[in-house]
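Data first, discussion second: the structure below is written as structure tokens.
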Amino acid sequence: MVKPDTILFGVLDAFPHDQVDAKNTPALWSLVQEGGWAPGGGRSVLSASTYPNHATFVTGDEPSSHLIYTNRSWAGGEPRPAEAVGPATSTLFDECRAAGRKSLAFFGDQNLVGVCGAEKADQHWPPRGVLPDDAARGALGFGADRAVIDGLDGMDLAGAEFVFFQLDEVDTARHLHGPDGEAVQAQCRATDAALSEVLERFRGNWERTLAIIVSDHDHEAVDRGAVDLAAEVEARGLGVQVDHEGTSALVVGEIAMAELLGLPGVDEATLMAPDFHLVWGPPGQQFGVDWGLAAQHGSPRTMSQLAVVGGGHPAAAKIAREIAATPPHATRWAKRVRALLDLGPGTGQAGAGQSTRE
């Protein structure tokens, strides 16, 4: 198969996988008509949150390898902001640079520049992960979809072979208004219109373009308050660390499963890596501080992802058949990009993809 001239990889943050139709999301629907989608959605990595899944999209690795389990990285054995460290394994931006392939990256959530190691791209926005003072912001302080499009318009698109982007405002709407409802549907329509504007910038060579559009996680309503698990384990002297992540929490350190499941608010747990457990409670409960939000994510109940492929390149139809038959997992997308751009299998070497910004 002839290599695509351009692969567009877009993340519509928290976009519900079942909100795609001809009337309300015409941009997404046009891609479905060109290629296809996973009607039942794809599957995220855990925790089902923005930063672990974006790190997975650009590495193809599980959190146990890229070390971003939550909003924090555990490279070095201590939690640090994920945007300050970046993935601990090779990214598509590293590999494009090594292969002499031009890459671009632009994000609504400014922290994703660091989380994805996107400073290795030929151009990225916002510069070094800092929103310009005049950039439009959403209600939670991240870049509005309009600002992202403006950032794209400041880039040199000619010859770009890998273009990675994120639109943030659906995630904000769901956090503030709940998983569903008219406010969320209105934002889905607005974000689809923003996506249309992004796609339009690349229409000149559409027959040689592949578009992959996904989301990173789903949402669930929270109405049962919050459990401060970190305070609880400290009070019990358990000698473990806790990193709260919406409707899940990461527990780091040696602890017996029975003791873990005996903690307040913990219904289930899974082992992510030696001494790294993710725990979650009943529907509606979150961990840490009750921020007054209407919806959160993090638990396995929020693992559903949008998965749409389109564009004029014949790979769209092939990938569409694959994801329609088998729900795609977040780890699979980077492998597809590597194969299509002939980037090799990825190094997987710890530290190879770090964007460390002290």
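Following the order of the structure tokens, chains are lettered A, B, ..., residues in each are numbered from 1, and ligands are numbered from 1.
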- Contacts of A:Ala294 at 8 Å or less, counting only C-alpha atoms, minus same-chain residues fewer than 2 places along, as number ranges by chain? A: 174-179, 221-223, 292, 296
Contacts of stretch 117-154 of chain A with stretch 5-28 of chain A up to 12 Å, shortest pair per row, only C-alpha atoms, as a tab-separated table:
```
residue	atom	partner	partner_atom	distance
A:Phe142	CA	A:Asp13	CA	11.8
A:Ala144	CA	A:Asp13	CA	11.9
A:Asp145	CA	A:Leu12	CA	10.0
A:Val148	CA	A:Gly10	CA	11.9
```
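Residue nearest A:Thr91 within the list A:Ser215, A:Asn205, A:Gln286, A:Thr59: A:Thr59 [criterion: smallest interatomic distance, only C-alpha atoms].
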- Message: Using only C-alpha atoms for the distances, tell me which of A:Ala55, A:Ala315, A:Val308, A:Ala324 is nearest to A:Met1.
- Response: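 With only C-alpha atoms as the atom set, the closest residue is A:Ala315.
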- Task: For stretch 258-275 of chain A, please output as an MDAnalysis selection string all residues within 12 Å (counting only C-alpha atoms; exclusion window: fewer than 5 positions along the same chain).
- Result: chainID A and resid 45:47 62:70 74 77 224:236 238:242 247:253 280:288 299:301
- Message: Among stretch 39-234 of chain A, which ones does DSSP assign to strand (DSSP E or B) (computed from the backbone)? Answer as a ChimeraX atom specification.
- Response: /A:42-43,68,72-73,80-81,103-107,123-125,137,143,162-167,209-214,220-221,226-227
